[in-house]
Amino acid sequence: MVKAIVLVKSPKKLIAAKLKQVNLVYESFPVNGQFDAVALIQVENLSQIKDITTQIQRINGVERTETMIEVQ
């Protein structure tokens with residue numbers, strides 16, 4: 001099991017709610033600072049992370065993302 005955090009920059013106020021609709025995002029919430037929302041994802045293998053981040057980047061209003069993968 002691989003876990004990752006995706007930081008999302010978006011001027012859209014409801015971006016965290018839209019992130020929850022993405023498959024394999026198990027939690028999302030708004031934050032203050034350089035990014036506007038965080039999406040927590042959990043996948044079976046590392047290659048799935050790229051697919052999920054691509055889905056997130058295609059959401060209307062997403063300007064950029066940064067992904068951090070859990071290291072064990």
# chains A, B, ... in the order shown; residues from 1 in each chain; ligands from 1
>>> select_by_dssp(residues="chain A", states="strand (DSSP E or B)", output="list in words")
Val2, Lys3, Ala4, Ile5, Val6, Leu7, Val8, Lys9, Val25, Tyr26, Glu27, Ser28, Phe29, Pro30, Ala37, Val38, Ala39, Leu40, Ile41, Gln42, Val43, Arg64, Thr65, Glu66, Thr67, Met68 and Ile69 of chain A
>>> write_last_selection(atoms="C-alpha atoms", output="compact mmCIF listing (two decimals), in the first residue's frame")
# COMPACT_ATOMS: atom_id res chain seq x y z
CA VAL A 2 1.35 3.43 -0.97
CA LYS A 3 0.15 6.68 0.60
CA ALA A 4 0.69 10.17 -0.76
CA ILE A 5 -0.26 13.75 -0.07
CA VAL A 6 -1.19 15.99 -2.99
CA LEU A 7 -1.04 19.73 -2.36
CA VAL A 8 -3.35 21.69 -4.67
CA LYS A 9 -3.22 25.35 -5.70
CA VAL A 25 -8.74 10.17 -2.58
CA TYR A 26 -9.78 9.14 0.92
CA GLU A 27 -9.63 12.60 2.51
CA SER A 28 -9.34 16.20 1.41
CA PHE A 29 -9.55 19.53 3.19
CA PRO A 30 -8.81 23.23 2.63
CA ALA A 37 -6.22 22.21 -0.40
CA VAL A 38 -4.74 18.83 0.48
CA ALA A 39 -5.78 15.45 -0.92
CA LEU A 40 -4.74 12.23 0.83
CA ILE A 41 -4.51 9.21 -1.44
CA GLN A 42 -3.87 5.53 -0.90
CA VAL A 43 -3.09 3.15 -3.78
CA ARG A 64 -0.75 23.34 -9.93
CA THR A 65 -0.08 20.39 -7.65
CA GLU A 66 2.78 19.04 -5.62
CA THR A 67 2.90 15.41 -4.54
CA MET A 68 4.69 13.94 -1.54
CA ILE A 69 4.94 10.15 -1.26
>>> select_by_dssp(residues="chain A", states="helix (DSSP H, G or I)", output="list in words")
Ile15, Ala16, Ala17, Lys18, Leu19, Ser47, Gln48, Ile49, Lys50, Asp51, Ile52, Thr53, Thr54, Gln55, Ile56 and Gln57 of chain A
>>> closest_residue(among="A:Ser10, A:Asn23, A:Gln48, A:Asn32", to="Gly61 (chain A)", atoms="only C-alpha atoms")
A:Ser10
>>> residues_around(residues="Lys18 (chain A)", least_positions_apart="3", cutoff="10 Å", atoms="only C-alpha atoms", output="VMD selection string")
chain A and resid 12 14 to 15 21 to 22 28 56 59 to 60
>>> closest_residue(among="A:Met1, A:Glu63, A:Glu70, A:Leu19", to="Phe35 (chain A)", atoms="only C-alpha atoms")
A:Glu63
